[in-house]
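*Asks:* Let me begin by handing over the structure; questions about it come next.
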Protein chains: 2
Amino acid sequence: MLSTRISGKPLSNVLLNPRSIALVGASDDPRKTASRPLQYLRRTGYAGRVYPINPNKATVLGEAAWPSLSALPEIPESVFLLASTSAVIPTVQECIRLGVKVVTVLASGFSESGPEGVQREHELRDLVQGSSIRLLGPSSIGIVNPRNGLMLTANAAFAEPDLPVGRVFVASHSGSMIGALVSRGKARGVGFAGLVSVGSEVDLSLGEICSSTLDDPGVDGYLLFLESLHCGEDLRRFAIDAAKRGKPVIAYKLGRSDAAAEMVTTHTGAIAGEDDIADAFLKDCGVARVGILDALLETFPLAQRLALGEPSRQRRVGVVTTTGGGAAMVVDQLGLRGIEVQAPSVQTLQRLRERGIEVAAGRAVDLTLAGVNYEVMKTALDVLLEAPEFDLVVATIGSSARFQPQLAVKPIIDSLDNHRTPLAAMLVPDAPEALAALTAQGVPCFRSPEACADAIAAVFFRRTPATFRSHSSAAADARALSEAEAYRLLKQLGVPCAAFVTSALDGPPPDLAFDYPVVAKVCSAHIPHKTEVGGVLLGIRDEIGLAQAMATLRGNLAIRAPNVPCDQILVQKSVAGLAEVLVGYRVDPDAGPIVILAAGGIWAEVARDRSIRLAPVSVDTAREMVSEVKSLKTLTGLRGRPRGDLEALAQAVCALSQLALRPEMQVREAEVNPLMVLPEGQGVLAADALVWQA
Amino acid sequence: MLSTRISGKPLSNVLLNPRSIALVGASDDPRKTASRPLQYLRRTGYAGRVYPINPNKATVLGEAAWPSLSALPEIPESVFLLASTSAVIPTVQECIRLGVKVVTVLASGFSESGPEGVQREHELRDLVQGSSIRLLGPSSIGIVNPRNGLMLTANAAFAEPDLPVGRVFVASHSGSMIGALVSRGKARGVGFAGLVSVGSEVDLSLGEICSSTLDDPGVDGYLLFLESLHCGEDLRRFAIDAAKRGKPVIAYKLGRSDAAAEMVTTHTGAIAGEDDIADAFLKDCGVARVGILDALLETFPLAQRLALGEPSRQRRVGVVTTTGGGAAMVVDQLGLRGIEVQAPSVQTLQRLRERGIEVAAGRAVDLTLAGVNYEVMKTALDVLLEAPEFDLVVATIGSSARFQPQLAVKPIIDSLDNHRTPLAAMLVPDAPEALAALTAQGVPCFRSPEACADAIAAVFFRRTPATFRSHSSAAADARALSEAEAYRLLKQLGVPCAAFVTSALDGPPPDLAFDYPVVAKVCSAHIPHKTEVGGVLLGIRDEIGLAQAMATLRGNLAIRAPNVPCDQILVQKSVAGLAEVLVGYRVDPDAGPIVILAAGGIWAEVARDRSIRLAPVSVDTAREMVSEVKSLKTLTGLRGRPRGDLEALAQAVCALSQLALRPEMQVREAEVNPLMVLPEGQGVLAADALVWQA
């Protein structure tokens, strides 16, 4: 969808600070959705000029109504179009004609609604593309800036009195969720610097809107509610710029289960849009992706304190607690997310002892009821927050947090800013007042062990993003290379291939520069899937066998692909590796260039055993990918098994991923499957490959 | 630990309804823990007689204090022992001497505290075992019955005013968690019929305590906070009896992450106590195990309405919503837990249309903003709750739930009891009043998509428990059988084995009733792990090879196990299956008899790919187990691969599991590894086996 969007036009700060607003289709009936923006703007006392437009009414909610945009005494900077779908195109035409800067479209009925809607969306896009107007939506429920009372929204949730003002900006694919986040945020003492429902991003994309607020000093970070990676390039550019400015981005993304439920496939092309690609994308962009809705609202203070990209940062979490059961829940939930809570060192235990705190051995520092005491908890925190073995300390507080926060919660607040190590709190009882106090003081704090662990994992598993690089998004038809051409390309990149020779299909068996046994395959750019035409014969032991194989291949082609051009065969040395893997590169329409390392053979068919990154990757990152593919653990010398050449595998993954830096090669997709992993020191060899060029 | 606990002694209702209570070690200092029970009991106006005992004070908190138990004017039915560890044994002795019925011990310092504590615990156990007293603890923070004001606890959380009274009983291994559950329950409008901190279960076990309340008409269900399956037999007996009475049991159990993090091992014995065993145990006992703390408090109404064990019950969930984004979160979270939300049938969509409700195609019935209307939502629910394709309908309500619950929440309450299909609600905004109204009316309702999906999965994945059977818990030393003896036992059970013959190790090669190639193995009850002594030789092609192999085996034994008795070899026909699996049976010390089906070979080493049930299992259940082992999907005809004899595999799993019904065989553990799975119709064959007898 990237190619179908307009971008790059300037976006002034009219979006969040319009001096004048017209509400087209404003309703006089206060129960109607289309009456809400005017009600809200009047309630907040928005300082800009607001014009309700309704050709059928003299007044709207007691104010003089205007018959049309052109009848207004000025050109409004911003127009909120509340009318029905059919009115959208003519009104946007009028906005363009008048020179309106931003128009927000509430109506749905575009590409999500069948062929007619798709046609309507094309028309709308063409309109906008040919002008300097910027369009939010369609299907946008509006935009809110609590800092200046801009309640330009039709969302019922903004009837909320005392909208909490704060320093995080919310952008959401779902319009209703911005309302839910407001009420859930309010219940947590979390306020907002702005909220936008981006709708279907026909013009303004979520990433572009967020980017436009990056220099806003009132915005310290971002919460994203994502349904997809639509307009991924803008999102990536925004996330990278946000990381540079130290403004954390937290995201909740739908679509985890589809990925989990689907059978994995060995064809890279078929796995686009899957959740693990989105996950790799977000992490590689430095985004903290949470898996629990409440964590979307609770992660920001932690993300702020655990700055992204400190090279020395590890993931060593210490837990101190007044309640063994409560701490065990946190330890458990962190463990489920791959973070092992660290026990304090002998030195740290000694330091605690010197200050009168004797704790039993265990992962968590369990102060028991003795910790329900300001001095004891403060002393323990002072020691733990200076201990070199922790990158984060979580204080888990039991029942006292509800009625006596001065005992064990207050020391957390008092320890927050005096130490090198970040600190977070998890309260085991329902303790709204203590949570409010912690939140008000900026202490990362959590009301459930699940949200606590989810937030910590999301923040720790961010990766420092690479420099932004635009990638070609031209959706031109791709053409396949023959296997021999594919190998030439792989060799250029530095991916080793099994020895082969090509020869005329109807000629004699070729001379081989390598030993039997060999494999014989049809070799044609027109037959990307050779096995489907019986085009691969294995285990050929000698020249006679090869001659027979060539005859068989000719016969198979004559029957199964009689009209497909193919005059070559490729004869390849048989290679037996310790394991087979798939290494793939592709330009994902949403995520951009990605590289995939996946288990081969039987594993690929029954388990989602793969690692994904945005391409290109360094050898270090490729090594990380190798360590993430479970089945490759069998090549690490486990139980006396031979070690595979995992270093060569990492080199090959890195090499293939460099396609992202070689636009001249015009590769849209390249898949080595199988890549044979030989014993340690003997390298890896591509034994089949398929490349698609744009 | 089973063997170290006493059980079976009668437990009167003194635990929850004592007529007289003594508080031994009651403190006069209101800030001290040991002063709390008296404060609480006086505050609630507990109707029974309460005697504070403190030999050093004339009064305690203004009441006359008694110097000792024997000085009291009556024998108290219940004693809460608040004194230090050293006072426990003498006081319990005195309780026994006097004829006290129940004593609760607060102090810790027993088996969790090193050798001295272990000795102390033994002494305590012996004391109790030789008497008719029942003991709660040690390390019990007490027991609470909000129905009669019995606040016999030292937990600070019970300073809570207006303790919520209700119909669920809480039992917890963690003392502090009963306090956290009270405050979290109160915040949700969930009340309690009782709460008990079971401590270390030296006498009274969690299961036994819960069992004692099964006939209490004020108790409708149970919430368990478990740290382990300690005293699993009592827990199982309780859960089965609770299921019979239709009283749901919901459990949150710690220890999920250890299991997730550990490498799987092929030796069944080493995987005891792992979380997937506990998970199988709980599900097989009919317990709804939740994974999210809040779900422990929110699942009960759903468990009550989705009765356990309706044979026709499937897991088909329909979702109706006013907010696409909110519904998508629920669909996503259910999908992550293996529950696919069903789209409505064509007939159902037609019925909605006939009643004026037009919805777009999709998994969820998205009424959009039109659903924020009593009539529309009520009509949609009336149709969906009568549709035959749903076993549960979840209504996901957006922002209106916060301010206008009469629009879309009220219809949920009004639809609850008029239809065949159970109904639940998930509210997307923070909507405390709507939640309170739903809870008060008994509607299963959730405040997060995660808790909603977790609760639904926990309730759906319960299994109807089998009849309770006690199993031998004697921890006698086990002895191994030789491989040949093991095969004879397997054959008796009906597990097929590869053809073999035994022969003298130093004799000539035996005559074979089967073809080469063969495997030769040392055969001795004293060598359970043959490969460790070089005792297995594969791929022997003829008699000469066999003679050589026997010589090699003799040589290996002479070097690696010179003093181990072994005078036999076992020669076995080589069998190549399509796959190798492990089938194991063992008497787990906590869970009792279990049967395990696990992936063999490489899979077992790198992935936790196995299925576990309490033994014995039916063939139907064994088939379910086969379907749960991922790697066996490769034997289902996938991508043209040959099908394996999975039916024979299920038969073999069922057969081995019958060991649970054969106490005369005295098998503590039996492991077939590998069991070869042959092509469809050709069966399965054990190719190695290890059996341990008690």
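Ligands are numbered from 1 in the order shown, residues from 1 within each chain, and chains are lettered A, B, ... in the order they appear in the structure tokens.
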List as a ChimeraX atom specification the protein and nucleic acid residues near Thr439 in chain A, meaning an atom at most 12 Å away when only C-alpha atoms are counted, but skip any in the same chain fewer than 4 places from it.
*Replies:* /A:166,185-191,297-302,409,412-413,416,424-426,432-435,443-447
*Asks:* If we count only C-alpha atoms, what is near range 610-613 of chain A at a cut-off of 7 Å, once residues fewer than 6 positions away on the same chain are taken out, given as a list in words?
*Replies:*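 Residues near the query, excluding close chain neighbours: Ile277, Ala280, Phe281, Asp284, Ile594, Val595, Ile596, Leu597, Ala598, Ala599, Met625, Glu628 and Val629 of chain A.
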*Asks:* Mind listing as a ChimeraX atom specification which residues of chain B are within 7 Å of chain A, counting only C-alpha atoms?
*Replies:* /B:156-157,174,176-177,179-181,183-184,254-257,260,292,323,325,329,332-333,335-336,398-400,428-430,450,602,606,630-631,633-634
*Asks:* Grab the residues selected above and save them as an mmCIF file, in the first residue's frame with N, CA and C atoms.
*Replies:*
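Contents of result_24.cif, as written:
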```cif
data_model
loop_
_atom_site.group_PDB
_atom_site.id
_atom_site.type_symbol
_atom_site.label_atom_id
_atom_site.label_comp_id
_atom_site.auth_asym_id
_atom_site.auth_seq_id
_atom_site.Cartn_x
_atom_site.Cartn_y
_atom_site.Cartn_z
ATOM 1 N N ALA B 156 -1.765 -7.884 57.842
ATOM 2 C CA ALA B 156 -2.088 -6.463 57.955
ATOM 3 C C ALA B 156 -3.227 -6.064 57.028
ATOM 4 N N ALA B 157 -3.397 -6.807 55.939
ATOM 5 C CA ALA B 157 -4.408 -6.427 54.954
ATOM 6 C C ALA B 157 -5.815 -6.487 55.520
ATOM 7 N N SER B 174 0.596 -18.770 49.778
ATOM 8 C CA SER B 174 1.234 -17.522 50.200
ATOM 9 C C SER B 174 0.312 -16.782 51.144
ATOM 10 N N SER B 176 0.687 -13.645 52.275
ATOM 11 C CA SER B 176 0.446 -12.253 51.921
ATOM 12 C C SER B 176 -0.585 -12.150 50.789
ATOM 13 N N MET B 177 -0.665 -13.185 49.949
ATOM 14 C CA MET B 177 -1.587 -13.081 48.820
ATOM 15 C C MET B 177 -3.050 -13.065 49.250
ATOM 16 N N GLY B 179 -4.256 -11.372 51.533
ATOM 17 C CA GLY B 179 -4.545 -9.953 51.723
ATOM 18 C C GLY B 179 -4.703 -9.236 50.387
ATOM 19 N N ALA B 180 -3.792 -9.513 49.473
ATOM 20 C CA ALA B 180 -3.867 -8.859 48.162
ATOM 21 C C ALA B 180 -5.156 -9.241 47.439
ATOM 22 N N LEU B 181 -5.578 -10.490 47.599
ATOM 23 C CA LEU B 181 -6.806 -10.916 46.923
ATOM 24 C C LEU B 181 -8.030 -10.220 47.527
ATOM 25 N N SER B 183 -8.131 -7.133 48.779
ATOM 26 C CA SER B 183 -8.262 -5.752 48.291
ATOM 27 C C SER B 183 -8.594 -5.728 46.801
ATOM 28 N N ARG B 184 -7.991 -6.643 46.049
ATOM 29 C CA ARG B 184 -8.296 -6.696 44.620
ATOM 30 C C ARG B 184 -9.734 -7.164 44.383
ATOM 31 N N LEU B 254 2.175 -20.536 40.529
ATOM 32 C CA LEU B 254 3.508 -20.035 40.202
ATOM 33 C C LEU B 254 4.332 -21.134 39.539
ATOM 34 N N GLY B 255 5.431 -20.737 38.946
ATOM 35 C CA GLY B 255 6.373 -21.731 38.434
ATOM 36 C C GLY B 255 6.264 -21.982 36.948
ATOM 37 N N ARG B 256 5.568 -21.105 36.224
ATOM 38 C CA ARG B 256 5.474 -21.320 34.787
ATOM 39 C C ARG B 256 6.810 -21.112 34.104
ATOM 40 N N SER B 257 7.587 -20.143 34.552
ATOM 41 C CA SER B 257 8.781 -19.780 33.798
ATOM 42 C C SER B 257 9.907 -20.785 33.925
ATOM 43 N N ALA B 260 9.464 -23.090 31.272
ATOM 44 C CA ALA B 260 9.699 -22.518 29.953
ATOM 45 C C ALA B 260 11.182 -22.386 29.671
ATOM 46 N N ILE B 292 -3.171 -15.219 34.536
ATOM 47 C CA ILE B 292 -3.109 -13.788 34.851
ATOM 48 C C ILE B 292 -3.745 -13.583 36.214
ATOM 49 N N THR B 323 -17.163 -1.775 19.115
ATOM 50 C CA THR B 323 -15.856 -1.205 18.777
ATOM 51 C C THR B 323 -14.930 -2.243 18.155
ATOM 52 N N GLY B 325 -11.821 -2.122 17.278
ATOM 53 C CA GLY B 325 -10.502 -2.252 17.900
ATOM 54 C C GLY B 325 -10.565 -3.076 19.175
ATOM 55 N N MET B 329 -8.882 -6.950 19.915
ATOM 56 C CA MET B 329 -7.982 -7.334 21.010
ATOM 57 C C MET B 329 -8.427 -8.652 21.644
ATOM 58 N N ASP B 332 -7.725 -11.492 19.261
ATOM 59 C CA ASP B 332 -6.289 -11.728 19.238
ATOM 60 C C ASP B 332 -5.843 -12.526 20.460
ATOM 61 N N GLN B 333 -6.286 -12.087 21.623
ATOM 62 C CA GLN B 333 -5.873 -12.747 22.858
ATOM 63 C C GLN B 333 -6.432 -14.165 22.937
ATOM 64 N N GLY B 335 -7.041 -16.024 20.320
ATOM 65 C CA GLY B 335 -6.258 -16.770 19.328
ATOM 66 C C GLY B 335 -4.909 -17.198 19.885
ATOM 67 N N LEU B 336 -4.281 -16.315 20.648
ATOM 68 C CA LEU B 336 -2.988 -16.650 21.259
ATOM 69 C C LEU B 336 -3.112 -17.843 22.189
ATOM 70 N N GLY B 398 -17.507 -0.543 23.981
ATOM 71 C CA GLY B 398 -16.566 0.578 23.920
ATOM 72 C C GLY B 398 -16.929 1.706 24.874
ATOM 73 N N SER B 399 -16.556 2.912 24.480
ATOM 74 C CA SER B 399 -16.597 4.075 25.380
ATOM 75 C C SER B 399 -17.930 4.308 26.065
ATOM 76 N N SER B 400 -19.035 3.937 25.441
ATOM 77 C CA SER B 400 -20.339 4.200 26.054
ATOM 78 C C SER B 400 -20.461 3.511 27.413
ATOM 79 N N VAL B 428 -14.043 -1.985 27.235
ATOM 80 C CA VAL B 428 -12.789 -1.435 26.722
ATOM 81 C C VAL B 428 -12.328 -0.201 27.490
ATOM 82 N N PRO B 429 -13.208 0.719 27.841
ATOM 83 C CA PRO B 429 -12.718 1.859 28.627
ATOM 84 C C PRO B 429 -12.592 1.483 30.098
ATOM 85 N N ASP B 430 -12.091 2.377 30.893
ATOM 86 C CA ASP B 430 -12.177 2.246 32.342
ATOM 87 C C ASP B 430 -13.631 2.555 32.693
ATOM 88 N N GLU B 450 -6.851 -9.327 28.022
ATOM 89 C CA GLU B 450 -6.006 -10.442 28.443
ATOM 90 C C GLU B 450 -6.706 -11.287 29.494
ATOM 91 N N ILE B 602 16.243 -35.310 18.116
ATOM 92 C CA ILE B 602 16.657 -33.915 18.071
ATOM 93 C C ILE B 602 15.605 -32.975 18.655
ATOM 94 N N VAL B 606 15.791 -29.785 21.864
ATOM 95 C CA VAL B 606 15.740 -28.332 21.696
ATOM 96 C C VAL B 606 14.353 -27.726 21.858
ATOM 97 N N LYS B 630 3.668 -31.415 18.501
ATOM 98 C CA LYS B 630 3.799 -30.717 17.218
ATOM 99 C C LYS B 630 4.523 -31.520 16.159
ATOM 100 N N SER B 631 5.651 -32.122 16.552
ATOM 101 C CA SER B 631 6.482 -32.754 15.526
ATOM 102 C C SER B 631 5.765 -33.936 14.896
ATOM 103 N N LYS B 633 2.960 -33.835 13.683
ATOM 104 C CA LYS B 633 2.191 -33.329 12.535
ATOM 105 C C LYS B 633 2.858 -33.741 11.221
ATOM 106 N N THR B 634 4.172 -33.980 11.275
ATOM 107 C CA THR B 634 4.858 -34.395 10.048
ATOM 108 C C THR B 634 4.426 -35.784 9.614
#
```
*Asks:* Nearest residue to Leu163 in chain B out of B:Leu224, B:Leu195, B:Val79, B:Ala87, using only C-alpha atoms?
*Replies:*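 Closest to Leu163 in chain B, using only C-alpha atoms: B:Leu195.
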*Asks:* Within range 315-422 of chain A, find each residue whose DSSP state, derived from the backbone, is alpha helix (DSSP H), and express the selection as JSON, numbers by chain.
*Replies:* {"A": [324, 325, 326, 327, 328, 329, 330, 331, 332, 333, 334, 335, 336, 346, 347, 348, 349, 350, 351, 352, 353, 354, 374, 375, 376, 377, 378, 379, 380, 381, 382, 383, 384, 400, 401, 402, 403, 405, 406, 407, 408, 410, 411, 412, 413, 414, 415]}
*Asks:* Any idea what's packed within 10 Å of Glu389 in chain A, counting only C-alpha atoms, ignoring anything in its chain fewer than 6 positions away? Could you give it as a list in words?
*Replies:*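 After dropping sequence-adjacent residues, the list is Gln314, Arg315, Arg316, Val317, Gly318, Gln342, Ala343, Pro344, Ser345, Thr348 and Thr421 of chain A.
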